[in-house]
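> Quick one: the structure is below, questions incoming.
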Amino acid sequence: MENKSHKKKGMLQDPVLLLVIVFVIVVLLLFVLLPLFSILKGSFLDEGGALSFESYKALFKNKNFITAFGNTLKLGLVVGLTSTIIGFLFAYVKQCVKSPFKKLYSIIEILPIISPPFVLALSAITLLGRRGLITYKLLGIPNFDIYGFKGLVVVQTMTFFPIAAMTLDGLLENFDVSMEEAARNLGANRLKVFTSVMLPMLASGLANVFLLSFIESVTDFSNPMILGGGYKTLASQIYIQAIGNYDTQTGTAIAAILLSVTLAVFIIQKAVLDKRSYVTLTGKASRVREMIDDKGIAVTTNGLCLFVSFWVLLFYVFLVLSAFFKTWGADYTLVMKNFDYVFKYSMKPVADTLLIAVLAAPIGGILSMVVAFLVVRKSFVGRRLVEYVSMLGMAVPGTVFGLGYILTFNTKPLVLTNP
């Protein structure tokens, strides 16, 4: 009780801090929680505005929804696993293995993060599609089908493994090598040290990365829309039902179910992360790690990383080159007419995109710094609420937020939708 009263007195003595805290809480409640509440409320109301569970009953009797639900979980689990494995491989080579390609690996980790997620899907179609340069032109396989589950696994893994790699980079960088050296001095070989010392110490971090990759996969909208083909996922079905079919009630019900899945995983992820109490992972390493130069390990791990890097670079290089081809799949003459068309007819979307980015980036950056400062440096009533709600953006699918904003801010007094 004394601690709580001390917090209240501290905030009352600093009116600026109190004003900032109230402002942040109001912003999070208005622009994060309220749209999500609108989704949940809309899913339980019928066309007349009365409380109803009919939309949920209809969904769970709908084979297409059941298929999409199963597809979403299957895709998330597989992509979570592959992203974690490849991300750990890159982080392990960068932090533990002697390699001349570490700068290249750092570039590969950054590229998918700074580029829109769907660009790799477009590149996959141009290279591996039915008229793809590799599958059709070079290998002569006209019926090769990149669309569906396999294509999504490849593209989403290439898109999301850098997040896993960069997270695990930090864990391995701060890993205390003295424990590995102690095991080596007791006679354990490298494999034994890896399986009995490193992996157990990194278990919670790996679990956290897996759950994060799972969330990114199940909330992804653009890749399933472009590359999914007949492989339906919940994120794409929300858009199809609410926007394509004008069935807002079904769309909100699907959104609520996907939201419950991602929030459950998000809560598990936070629980796993908060329970991580290994001292060796939270401070600086006690000494500099000696890079592994064993040829068997170095050649194998670098070979695998170079293989992945080759495909990532190939996808980005041909994404740029394809903009200059006259007719992809038929005529590979280099021309500038595609850019002429963009500058003549499509500059408004480009300008709108840049305008949104220019306005949103500083607002988001400043708000993030303020929230981080309050959560890390200050103690106040509702600090945990601010922390968790501010992180919901990474757990809630963009389509869910979009639909929530349409439902919430489509009428006065606050209209945010484009007329």
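Every chain in the structure tokens takes a letter, A first, then B, and so on in the order presented; its residues are numbered from 1, and the ligands are numbered from 1 following the presented order.
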Could you pull the residues within 9 Å of A:Glu109, counting only C-alpha atoms, minus those fewer than 5 positions along the same chain, as a list in words?
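Listed by chain and then number, they are Gly87, Phe90, Leu104, Phe161, Pro162, Ile163, Ala165 and Met166 of chain A.
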> How would the residues just chosen look if you wrote them out with N, CA and C atoms as a compact mmCIF listing (two decimals), in the first residue's frame?

# COMPACT_ATOMS: atom_id res chain seq x y z
N GLY A 87 17.15 -18.83 -39.00
CA GLY A 87 17.60 -17.67 -38.23
C GLY A 87 18.70 -18.04 -37.25
N PHE A 90 22.04 -18.57 -39.17
CA PHE A 90 22.71 -17.32 -39.50
C PHE A 90 23.34 -16.69 -38.26
N LEU A 104 28.01 -10.01 -45.58
CA LEU A 104 26.96 -10.44 -46.51
C LEU A 104 25.75 -10.95 -45.73
N PHE A 161 12.65 -15.06 -41.47
CA PHE A 161 13.79 -15.60 -40.74
C PHE A 161 14.77 -14.51 -40.28
N PRO A 162 14.89 -13.36 -40.99
CA PRO A 162 15.79 -12.32 -40.49
C PRO A 162 15.42 -11.81 -39.10
N ILE A 163 14.11 -11.79 -38.79
CA ILE A 163 13.69 -11.36 -37.45
C ILE A 163 14.23 -12.32 -36.41
N ALA A 165 16.86 -14.28 -36.82
CA ALA A 165 18.32 -14.18 -36.84
C ALA A 165 18.81 -13.00 -36.01
N MET A 166 18.19 -11.86 -36.16
CA MET A 166 18.63 -10.66 -35.44
C MET A 166 18.35 -10.77 -33.95
> As a short mmCIF file (atom, residue, chain, number, x, y, z; two decimals) with N, CA and C atoms, in the first residue's frame, please: all residues of stretch 126-301 of chain A that backbone DSSP puts in alpha helix (DSSP H).

data_model
loop_
_atom_site.label_atom_id
_atom_site.label_comp_id
_atom_site.auth_asym_id
_atom_site.auth_seq_id
_atom_site.Cartn_x
_atom_site.Cartn_y
_atom_site.Cartn_z
N THR A 126 7.81 -14.55 -60.64
CA THR A 126 8.57 -14.27 -61.86
C THR A 126 9.68 -15.27 -62.11
N LEU A 127 10.21 -15.87 -61.04
CA LEU A 127 11.30 -16.83 -61.20
C LEU A 127 10.84 -18.27 -61.23
N LEU A 128 9.84 -18.61 -60.39
CA LEU A 128 9.45 -20.00 -60.20
C LEU A 128 8.00 -20.28 -60.59
N PHE A 149 0.69 -23.91 -50.54
CA PHE A 149 1.39 -24.09 -49.27
C PHE A 149 2.91 -24.04 -49.42
N LYS A 150 3.45 -24.78 -50.39
CA LYS A 150 4.91 -24.85 -50.53
C LYS A 150 5.50 -23.48 -50.86
N GLY A 151 4.87 -22.78 -51.79
CA GLY A 151 5.36 -21.46 -52.14
C GLY A 151 5.28 -20.49 -50.98
N LEU A 152 4.20 -20.56 -50.20
CA LEU A 152 4.06 -19.68 -49.05
C LEU A 152 5.11 -19.97 -47.99
N VAL A 153 5.41 -21.24 -47.77
CA VAL A 153 6.44 -21.59 -46.79
C VAL A 153 7.79 -20.99 -47.20
N VAL A 154 8.13 -21.13 -48.47
CA VAL A 154 9.40 -20.60 -48.97
C VAL A 154 9.46 -19.08 -48.80
N VAL A 155 8.43 -18.39 -49.28
CA VAL A 155 8.44 -16.93 -49.27
C VAL A 155 8.35 -16.39 -47.84
N GLN A 156 7.47 -16.94 -47.03
CA GLN A 156 7.35 -16.44 -45.66
C GLN A 156 8.60 -16.74 -44.84
N THR A 157 9.23 -17.87 -45.07
CA THR A 157 10.48 -18.16 -44.37
C THR A 157 11.56 -17.16 -44.75
N MET A 158 11.68 -16.87 -46.05
CA MET A 158 12.66 -15.88 -46.49
C MET A 158 12.34 -14.49 -45.95
N THR A 159 11.06 -14.21 -45.73
CA THR A 159 10.65 -12.90 -45.24
C THR A 159 10.86 -12.75 -43.74
N PHE A 160 10.61 -13.82 -42.97
CA PHE A 160 10.57 -13.70 -41.52
C PHE A 160 11.79 -14.25 -40.80
N PHE A 161 12.65 -15.06 -41.47
CA PHE A 161 13.79 -15.60 -40.74
C PHE A 161 14.77 -14.51 -40.28
N PRO A 162 14.89 -13.36 -40.99
CA PRO A 162 15.79 -12.32 -40.49
C PRO A 162 15.42 -11.81 -39.10
N ILE A 163 14.11 -11.79 -38.79
CA ILE A 163 13.69 -11.36 -37.45
C ILE A 163 14.23 -12.32 -36.41
N ALA A 164 14.14 -13.62 -36.70
CA ALA A 164 14.69 -14.64 -35.80
C ALA A 164 16.19 -14.50 -35.69
N ALA A 165 16.86 -14.28 -36.82
CA ALA A 165 18.32 -14.18 -36.84
C ALA A 165 18.81 -13.00 -36.01
N MET A 166 18.19 -11.86 -36.16
CA MET A 166 18.63 -10.66 -35.44
C MET A 166 18.35 -10.77 -33.95
N THR A 167 17.25 -11.45 -33.59
CA THR A 167 16.97 -11.67 -32.17
C THR A 167 17.99 -12.60 -31.55
N LEU A 168 18.30 -13.69 -32.26
CA LEU A 168 19.26 -14.66 -31.73
C LEU A 168 20.69 -14.14 -31.77
N ASP A 169 20.96 -13.18 -32.66
CA ASP A 169 22.28 -12.53 -32.68
C ASP A 169 22.61 -11.96 -31.30
N GLY A 170 21.64 -11.25 -30.73
CA GLY A 170 21.86 -10.63 -29.43
C GLY A 170 22.07 -11.65 -28.33
N LEU A 171 21.31 -12.75 -28.37
CA LEU A 171 21.46 -13.79 -27.35
C LEU A 171 22.83 -14.45 -27.42
N LEU A 172 23.25 -14.78 -28.63
CA LEU A 172 24.55 -15.45 -28.78
C LEU A 172 25.71 -14.50 -28.50
N GLU A 173 25.53 -13.23 -28.81
CA GLU A 173 26.59 -12.26 -28.57
C GLU A 173 26.87 -12.12 -27.08
N VAL A 177 30.92 -17.60 -22.83
CA VAL A 177 31.66 -18.71 -23.43
C VAL A 177 32.41 -19.53 -22.40
N SER A 178 32.55 -19.03 -21.18
CA SER A 178 33.28 -19.79 -20.16
C SER A 178 32.59 -21.11 -19.85
N MET A 179 31.27 -21.15 -19.98
CA MET A 179 30.56 -22.41 -19.72
C MET A 179 30.88 -23.44 -20.80
N GLU A 180 30.97 -22.99 -22.05
CA GLU A 180 31.36 -23.90 -23.13
C GLU A 180 32.79 -24.39 -22.93
N GLU A 181 33.69 -23.47 -22.55
CA GLU A 181 35.08 -23.84 -22.36
C GLU A 181 35.23 -24.82 -21.20
N ALA A 182 34.42 -24.63 -20.17
CA ALA A 182 34.46 -25.57 -19.04
C ALA A 182 34.04 -26.96 -19.47
N ALA A 183 33.00 -27.04 -20.29
CA ALA A 183 32.56 -28.34 -20.79
C ALA A 183 33.62 -28.97 -21.69
N ARG A 184 34.28 -28.15 -22.52
CA ARG A 184 35.34 -28.65 -23.39
C ARG A 184 36.52 -29.18 -22.57
N ASN A 185 36.86 -28.47 -21.48
CA ASN A 185 37.97 -28.88 -20.63
C ASN A 185 37.67 -30.19 -19.90
N ARG A 190 32.55 -30.83 -29.47
CA ARG A 190 31.74 -29.66 -29.84
C ARG A 190 30.26 -29.99 -29.92
N LEU A 191 29.93 -31.16 -30.44
CA LEU A 191 28.52 -31.55 -30.55
C LEU A 191 27.89 -31.66 -29.17
N LYS A 192 28.62 -32.27 -28.24
CA LYS A 192 28.11 -32.43 -26.88
C LYS A 192 27.93 -31.07 -26.20
N VAL A 193 28.89 -30.17 -26.42
CA VAL A 193 28.79 -28.82 -25.85
C VAL A 193 27.59 -28.09 -26.44
N LEU A 199 22.27 -25.13 -26.42
CA LEU A 199 20.84 -25.23 -26.72
C LEU A 199 19.96 -25.12 -25.47
N PRO A 200 20.31 -25.81 -24.36
CA PRO A 200 19.47 -25.63 -23.16
C PRO A 200 19.44 -24.19 -22.66
N MET A 201 20.60 -23.50 -22.75
CA MET A 201 20.63 -22.12 -22.29
C MET A 201 19.86 -21.17 -23.20
N LEU A 202 19.75 -21.56 -24.48
CA LEU A 202 19.03 -20.73 -25.44
C LEU A 202 17.59 -21.19 -25.65
N ALA A 203 17.15 -22.18 -24.89
CA ALA A 203 15.84 -22.79 -25.13
C ALA A 203 14.70 -21.77 -25.09
N SER A 204 14.70 -20.91 -24.05
CA SER A 204 13.61 -19.93 -23.94
C SER A 204 13.69 -18.91 -25.07
N GLY A 205 14.91 -18.53 -25.47
CA GLY A 205 15.07 -17.60 -26.58
C GLY A 205 14.60 -18.20 -27.89
N LEU A 206 14.91 -19.46 -28.12
CA LEU A 206 14.46 -20.15 -29.33
C LEU A 206 12.94 -20.28 -29.34
N ALA A 207 12.37 -20.59 -28.17
CA ALA A 207 10.90 -20.69 -28.08
C ALA A 207 10.26 -19.35 -28.37
N ASN A 208 10.85 -18.28 -27.86
CA ASN A 208 10.33 -16.94 -28.11
C ASN A 208 10.39 -16.59 -29.59
N VAL A 209 11.50 -16.93 -30.24
CA VAL A 209 11.66 -16.65 -31.67
C VAL A 209 10.67 -17.46 -32.49
N PHE A 210 10.46 -18.72 -32.11
CA PHE A 210 9.49 -19.55 -32.81
C PHE A 210 8.09 -18.95 -32.72
N LEU A 211 7.69 -18.54 -31.52
CA LEU A 211 6.36 -17.97 -31.34
C LEU A 211 6.22 -16.65 -32.09
N LEU A 212 7.27 -15.86 -32.12
CA LEU A 212 7.25 -14.60 -32.86
C LEU A 212 7.09 -14.86 -34.36
N SER A 213 7.82 -15.84 -34.88
CA SER A 213 7.71 -16.20 -36.31
C SER A 213 6.33 -16.76 -36.62
N PHE A 214 5.77 -17.52 -35.69
CA PHE A 214 4.41 -18.05 -35.86
C PHE A 214 3.41 -16.91 -35.98
N ILE A 215 3.53 -15.92 -35.10
CA ILE A 215 2.61 -14.78 -35.14
C ILE A 215 2.75 -14.03 -36.46
N GLU A 216 3.97 -13.79 -36.90
CA GLU A 216 4.20 -13.08 -38.16
C GLU A 216 3.57 -13.84 -39.33
N SER A 217 3.66 -15.15 -39.30
CA SER A 217 3.13 -15.96 -40.40
C SER A 217 1.61 -15.93 -40.44
N VAL A 218 0.96 -16.18 -39.30
CA VAL A 218 -0.50 -16.26 -39.29
C VAL A 218 -1.15 -14.90 -39.50
N SER A 222 -0.51 -10.16 -47.16
CA SER A 222 -0.13 -9.93 -48.55
C SER A 222 0.36 -11.17 -49.27
N ASN A 223 1.22 -11.95 -48.63
CA ASN A 223 1.76 -13.14 -49.31
C ASN A 223 0.67 -14.17 -49.63
N PRO A 224 -0.22 -14.52 -48.69
CA PRO A 224 -1.30 -15.45 -49.06
C PRO A 224 -2.22 -14.91 -50.15
N MET A 225 -2.44 -13.58 -50.19
CA MET A 225 -3.28 -13.02 -51.23
C MET A 225 -2.63 -13.12 -52.60
N ILE A 226 -1.31 -12.95 -52.66
CA ILE A 226 -0.60 -12.97 -53.93
C ILE A 226 -0.24 -14.39 -54.35
N LEU A 227 0.23 -15.19 -53.40
CA LEU A 227 0.82 -16.49 -53.73
C LEU A 227 -0.01 -17.67 -53.23
N LEU A 234 -6.78 -17.35 -42.74
CA LEU A 234 -7.75 -16.50 -42.06
C LEU A 234 -7.55 -15.02 -42.38
N ALA A 235 -6.28 -14.59 -42.48
CA ALA A 235 -6.02 -13.18 -42.74
C ALA A 235 -6.60 -12.75 -44.09
N SER A 236 -6.46 -13.59 -45.09
CA SER A 236 -7.01 -13.26 -46.41
C SER A 236 -8.53 -13.39 -46.43
N GLN A 237 -9.07 -14.33 -45.67
CA GLN A 237 -10.52 -14.52 -45.63
C GLN A 237 -11.24 -13.35 -44.97
N ILE A 238 -10.59 -12.69 -44.02
CA ILE A 238 -11.18 -11.50 -43.40
C ILE A 238 -11.44 -10.44 -44.46
N TYR A 239 -10.44 -10.20 -45.29
CA TYR A 239 -10.58 -9.19 -46.34
C TYR A 239 -11.63 -9.61 -47.36
N THR A 248 -19.78 -7.93 -43.36
CA THR A 248 -18.99 -7.45 -42.23
C THR A 248 -19.11 -8.35 -41.01
N GLN A 249 -20.30 -8.91 -40.78
CA GLN A 249 -20.51 -9.74 -39.60
C GLN A 249 -19.62 -10.98 -39.65
N THR A 250 -19.59 -11.67 -40.80
CA THR A 250 -18.73 -12.84 -40.93
C THR A 250 -17.26 -12.44 -40.86
N GLY A 251 -16.93 -11.31 -41.48
CA GLY A 251 -15.55 -10.83 -41.45
C GLY A 251 -15.08 -10.54 -40.03
N THR A 252 -15.93 -9.91 -39.23
CA THR A 252 -15.55 -9.61 -37.85
C THR A 252 -15.44 -10.88 -37.02
N ALA A 253 -16.28 -11.87 -37.29
CA ALA A 253 -16.20 -13.14 -36.57
C ALA A 253 -14.88 -13.85 -36.86
N ILE A 254 -14.48 -13.87 -38.15
CA ILE A 254 -13.20 -14.47 -38.51
C ILE A 254 -12.06 -13.69 -37.87
N ALA A 255 -12.17 -12.36 -37.90
CA ALA A 255 -11.14 -11.51 -37.30
C ALA A 255 -11.02 -11.77 -35.80
N ALA A 256 -12.16 -11.96 -35.13
CA ALA A 256 -12.13 -12.21 -33.69
C ALA A 256 -11.46 -13.55 -33.38
N ILE A 257 -11.71 -14.54 -34.22
CA ILE A 257 -11.09 -15.86 -34.00
C ILE A 257 -9.58 -15.77 -34.24
N LEU A 258 -9.17 -15.11 -35.33
CA LEU A 258 -7.74 -14.96 -35.59
C LEU A 258 -7.09 -14.13 -34.49
N LEU A 259 -7.80 -13.11 -34.02
CA LEU A 259 -7.28 -12.28 -32.94
C LEU A 259 -7.06 -13.10 -31.67
N SER A 260 -8.00 -14.00 -31.36
CA SER A 260 -7.86 -14.83 -30.16
C SER A 260 -6.65 -15.75 -30.28
N VAL A 261 -6.40 -16.28 -31.48
CA VAL A 261 -5.25 -17.15 -31.69
C VAL A 261 -3.95 -16.39 -31.50
N THR A 262 -3.84 -15.24 -32.15
CA THR A 262 -2.60 -14.47 -32.06
C THR A 262 -2.36 -13.92 -30.65
N LEU A 263 -3.44 -13.52 -29.98
CA LEU A 263 -3.27 -13.01 -28.62
C LEU A 263 -2.84 -14.13 -27.67
N ALA A 264 -3.39 -15.32 -27.87
CA ALA A 264 -2.98 -16.46 -27.04
C ALA A 264 -1.49 -16.76 -27.21
N VAL A 265 -1.05 -16.76 -28.47
CA VAL A 265 0.38 -16.99 -28.74
C VAL A 265 1.22 -15.84 -28.20
N PHE A 266 0.72 -14.61 -28.32
CA PHE A 266 1.43 -13.44 -27.81
C PHE A 266 1.61 -13.53 -26.30
N ILE A 267 0.57 -13.96 -25.60
CA ILE A 267 0.64 -14.10 -24.14
C ILE A 267 1.65 -15.19 -23.77
N ILE A 268 1.62 -16.30 -24.50
CA ILE A 268 2.60 -17.36 -24.26
C ILE A 268 4.01 -16.85 -24.51
N GLN A 269 4.18 -16.11 -25.60
CA GLN A 269 5.49 -15.57 -25.93
C GLN A 269 6.00 -14.65 -24.82
N LYS A 270 5.13 -13.77 -24.32
CA LYS A 270 5.53 -12.86 -23.25
C LYS A 270 5.88 -13.63 -21.98
N ALA A 271 5.10 -14.70 -21.70
CA ALA A 271 5.38 -15.50 -20.51
C ALA A 271 6.74 -16.19 -20.63
N VAL A 272 7.03 -16.70 -21.83
CA VAL A 272 8.33 -17.35 -22.06
C VAL A 272 9.45 -16.35 -21.92
N LEU A 273 9.27 -15.16 -22.49
CA LEU A 273 10.31 -14.14 -22.46
C LEU A 273 10.53 -13.63 -21.04
N ASP A 274 9.45 -13.42 -20.30
CA ASP A 274 9.56 -12.89 -18.95
C ASP A 274 10.20 -13.88 -17.97
N LYS A 275 10.04 -15.19 -18.27
CA LYS A 275 10.61 -16.20 -17.38
C LYS A 275 12.09 -16.44 -17.62
N VAL A 279 21.49 -15.60 -16.20
CA VAL A 279 22.36 -14.45 -16.06
C VAL A 279 23.29 -14.32 -17.25
N THR A 280 23.74 -15.44 -17.80
CA THR A 280 24.69 -15.41 -18.91
C THR A 280 24.09 -14.82 -20.17
N LEU A 281 22.77 -14.73 -20.26
CA LEU A 281 22.13 -14.19 -21.45
C LEU A 281 21.73 -12.73 -21.29
N THR A 282 21.84 -12.20 -20.09
CA THR A 282 21.34 -10.86 -19.85
C THR A 282 22.45 -9.82 -19.72
N LYS A 295 37.05 -27.18 -40.14
CA LYS A 295 36.61 -27.15 -41.54
C LYS A 295 35.24 -27.79 -41.74
N GLY A 296 35.00 -28.89 -41.06
CA GLY A 296 33.71 -29.57 -41.22
C GLY A 296 32.55 -28.68 -40.82
N ILE A 297 32.70 -27.98 -39.69
CA ILE A 297 31.63 -27.11 -39.21
C ILE A 297 31.56 -25.83 -40.04
N ALA A 298 32.73 -25.20 -40.28
CA ALA A 298 32.76 -23.93 -40.99
C ALA A 298 32.25 -24.07 -42.42
N VAL A 299 32.69 -25.09 -43.12
CA VAL A 299 32.27 -25.28 -44.52
C VAL A 299 30.78 -25.60 -44.60
N THR A 300 30.30 -26.46 -43.71
CA THR A 300 28.88 -26.86 -43.75
C THR A 300 27.96 -25.69 -43.43
N THR A 301 28.24 -25.00 -42.34
CA THR A 301 27.35 -23.91 -41.93
C THR A 301 27.41 -22.73 -42.90
#
> Please list as a list in words every residue within 9 Å of stretch 309-313 of chain A, counting only C-alpha atoms and excluding residues in the same chain fewer than 6 positions away.
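Those residues are Leu104, Tyr105, Ile108, Leu111, Pro112, Leu120 and Met158 of chain A.
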> Between A:Val24, A:Ile86, A:Val381, A:Ala330, which has the minimum distance to A:Met369 (counting only C-alpha atoms)?
A:Val24
> Counting only C-alpha atoms, figure out which residue out of A:Leu51, A:Ile146, A:Ile292, A:Leu304 gets nearest to A:Phe88.
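Of all the options, A:Leu304 lies closest to A:Phe88.
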> State, in Å with one decimal place, the distance from atom CA of A:Val342 to atom CA of A:Thr417.
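Rounded to one decimal, the two atoms are 25.9 Å apart.
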> One decimal, Å: what's the distance from atom CA of A:Val20 over to atom CA of A:Ala357, could you say?
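Pair atom CA of A:Val20 / atom CA of A:Ala357 returns 24.6 Å.
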> Any idea what the distance is between atom CA of A:Ser368 and atom CA of A:Ser390?
8.3 Å
> When distances are computed from only C-alpha atoms, which of A:Leu354, A:Ala68, A:Met391, A:Cys305 shows the smallest separation from A:Ser99?
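Closest residue, counting only C-alpha atoms: A:Cys305.
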> Return as JSON lines the residues of stretch 297-376 of chain A lying at most 12 Å from stretch 113-118 of chain A, together with the closest atom-to-atom pair for each and the distance in Å to one decimal, counting only C-alpha atoms, with rows in chain order and ascending residue number.

{"residue": "A:Phe315", "atom": "CA", "partner": "A:Phe118", "partner_atom": "CA", "distance": 11.7}
{"residue": "A:Tyr316", "atom": "CA", "partner": "A:Ser115", "partner_atom": "CA", "distance": 9.7}
{"residue": "A:Leu319", "atom": "CA", "partner": "A:Phe118", "partner_atom": "CA", "distance": 11.2}
> Limited to all heavy atoms, could you put the picked residues into a file as a PDB file, in the first residue's frame?

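Writing done, so here's result_14.pdb:
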ATOM      1  N   PHE A 315      16.252 -13.333 -55.665  1.00  0.00           N
ATOM      2  CA  PHE A 315      14.884 -12.829 -55.671  1.00  0.00           C
ATOM      3  C   PHE A 315      14.870 -11.308 -55.775  1.00  0.00           C
ATOM      4  O   PHE A 315      14.072 -10.737 -56.534  1.00  0.00           O
ATOM      5  CB  PHE A 315      14.150 -13.276 -54.409  1.00  0.00           C
ATOM      6  CG  PHE A 315      13.501 -14.626 -54.543  1.00  0.00           C
ATOM      7  CD1 PHE A 315      14.133 -15.660 -55.211  1.00  0.00           C
ATOM      8  CD2 PHE A 315      12.263 -14.876 -53.981  1.00  0.00           C
ATOM      9  CE1 PHE A 315      13.543 -16.910 -55.327  1.00  0.00           C
ATOM     10  CE2 PHE A 315      11.655 -16.119 -54.096  1.00  0.00           C
ATOM     11  CZ  PHE A 315      12.304 -17.139 -54.774  1.00  0.00           C
ATOM     12  N   TYR A 316      15.737 -10.622 -55.036  1.00  0.00           N
ATOM     13  CA  TYR A 316      15.744  -9.167 -55.059  1.00  0.00           C
ATOM     14  C   TYR A 316      16.335  -8.627 -56.356  1.00  0.00           C
ATOM     15  O   TYR A 316      15.836  -7.627 -56.902  1.00  0.00           O
ATOM     16  CB  TYR A 316      16.521  -8.624 -53.858  1.00  0.00           C
ATOM     17  CG  TYR A 316      15.688  -8.576 -52.611  1.00  0.00           C
ATOM     18  CD1 TYR A 316      15.822  -9.555 -51.630  1.00  0.00           C
ATOM     19  CD2 TYR A 316      14.750  -7.573 -52.412  1.00  0.00           C
ATOM     20  CE1 TYR A 316      15.057  -9.520 -50.476  1.00  0.00           C
ATOM     21  CE2 TYR A 316      13.976  -7.528 -51.262  1.00  0.00           C
ATOM     22  CZ  TYR A 316      14.128  -8.514 -50.303  1.00  0.00           C
ATOM     23  OH  TYR A 316      13.346  -8.491 -49.183  1.00  0.00           O
ATOM     24  N   LEU A 319      13.800  -9.083 -59.045  1.00  0.00           N
ATOM     25  CA  LEU A 319      12.652  -8.200 -58.821  1.00  0.00           C
ATOM     26  C   LEU A 319      12.919  -6.844 -59.465  1.00  0.00           C
ATOM     27  O   LEU A 319      12.029  -6.259 -60.094  1.00  0.00           O
ATOM     28  CB  LEU A 319      12.400  -8.029 -57.323  1.00  0.00           C
ATOM     29  CG  LEU A 319      11.254  -7.092 -56.958  1.00  0.00           C
ATOM     30  CD1 LEU A 319       9.915  -7.731 -57.308  1.00  0.00           C
ATOM     31  CD2 LEU A 319      11.301  -6.708 -55.496  1.00  0.00           C
TER      32      LEU A 319
END
> Show which residues sit within 12 Å of A:Phe373, as a PyMOL selection string. Count only C-alpha atoms, and ignore same-chain residues fewer than 6 positions away.
chain A and resi 17+20-21+24+366-367+379+383+386-387
> Produce a file of the selected residues containing all heavy atoms, as a CSV table (one decimal), in the first residue's frame.

chain,number,residue,atom,x,y,z
A,17,LEU,N,4.8,14.6,-16.2
A,17,LEU,CA,4.9,13.2,-16.3
A,17,LEU,C,3.5,12.6,-16.2
A,17,LEU,O,3.1,11.7,-17.0
A,17,LEU,CB,5.7,12.6,-15.1
A,17,LEU,CG,5.8,11.1,-15.0
A,17,LEU,CD1,6.4,10.5,-16.3
A,17,LEU,CD2,6.5,10.6,-13.8
A,20,VAL,N,1.8,13.2,-19.5
A,20,VAL,CA,2.3,12.3,-20.6
A,20,VAL,C,1.7,10.9,-20.4
A,20,VAL,O,1.3,10.3,-21.4
A,20,VAL,CB,3.8,12.3,-20.5
A,20,VAL,CG1,4.4,11.2,-21.4
A,20,VAL,CG2,4.4,13.6,-20.9
A,21,ILE,N,1.7,10.4,-19.2
A,21,ILE,CA,1.1,9.1,-18.9
A,21,ILE,C,-0.3,9.0,-19.3
A,21,ILE,O,-0.8,8.0,-20.0
A,21,ILE,CB,1.3,8.7,-17.4
A,21,ILE,CG1,2.8,8.5,-17.1
A,21,ILE,CG2,0.5,7.4,-17.1
A,21,ILE,CD1,3.1,8.3,-15.6
A,24,VAL,N,-0.6,9.0,-23.2
A,24,VAL,CA,-0.3,7.7,-23.8
A,24,VAL,C,-1.4,6.7,-23.5
A,24,VAL,O,-1.7,5.9,-24.5
A,24,VAL,CB,1.1,7.2,-23.2
A,24,VAL,CG1,1.3,5.7,-23.5
A,24,VAL,CG2,2.2,8.1,-23.6
A,366,ILE,N,8.4,8.8,-32.2
A,366,ILE,CA,8.3,9.6,-31.0
A,366,ILE,C,7.4,8.9,-29.9
A,366,ILE,O,7.8,8.8,-28.7
A,366,ILE,CB,7.7,11.0,-31.3
A,366,ILE,CG1,8.7,11.8,-32.1
A,366,ILE,CG2,7.5,11.7,-30.0
A,366,ILE,CD1,8.2,13.1,-32.6
A,367,LEU,N,6.3,8.3,-30.3
A,367,LEU,CA,5.4,7.6,-29.4
A,367,LEU,C,6.1,6.4,-28.8
A,367,LEU,O,5.9,6.1,-27.6
A,367,LEU,CB,4.1,7.3,-30.1
A,367,LEU,CG,3.0,6.6,-29.2
A,367,LEU,CD1,2.6,7.6,-28.1
A,367,LEU,CD2,1.8,6.3,-30.0
A,379,SER,N,7.8,4.2,-12.8
A,379,SER,CA,6.9,3.2,-12.2
A,379,SER,C,5.6,4.0,-11.8
A,379,SER,O,5.6,5.0,-11.1
A,379,SER,CB,7.6,2.7,-10.9
A,379,SER,OG,6.7,1.8,-10.2
A,383,ARG,N,1.4,0.6,-15.6
A,383,ARG,CA,2.6,0.5,-16.5
A,383,ARG,C,2.6,-0.8,-17.3
A,383,ARG,O,2.9,-0.8,-18.5
A,383,ARG,CB,3.8,0.5,-15.6
A,383,ARG,CG,5.2,0.4,-16.4
A,383,ARG,CD,6.3,0.7,-15.4
A,383,ARG,NE,6.5,-0.4,-14.5
A,383,ARG,CZ,7.2,-1.5,-14.8
A,383,ARG,NH1,7.9,-1.6,-15.9
A,383,ARG,NH2,7.3,-2.5,-13.8
A,386,VAL,N,0.2,-0.4,-20.3
A,386,VAL,CA,0.8,0.4,-21.3
A,386,VAL,C,1.8,-0.5,-22.1
A,386,VAL,O,1.9,-0.5,-23.3
A,386,VAL,CB,1.5,1.6,-20.7
A,386,VAL,CG1,2.4,2.3,-21.8
A,386,VAL,CG2,0.5,2.6,-20.2
A,387,GLU,N,2.6,-1.3,-21.4
A,387,GLU,CA,3.6,-2.2,-22.0
A,387,GLU,C,2.9,-3.2,-23.0
A,387,GLU,O,3.3,-3.3,-24.1
A,387,GLU,CB,4.4,-2.9,-21.0
A,387,GLU,CG,5.5,-3.8,-21.6
A,387,GLU,CD,6.2,-4.6,-20.5
A,387,GLU,OE1,5.9,-4.5,-19.3
A,387,GLU,OE2,7.1,-5.4,-20.9
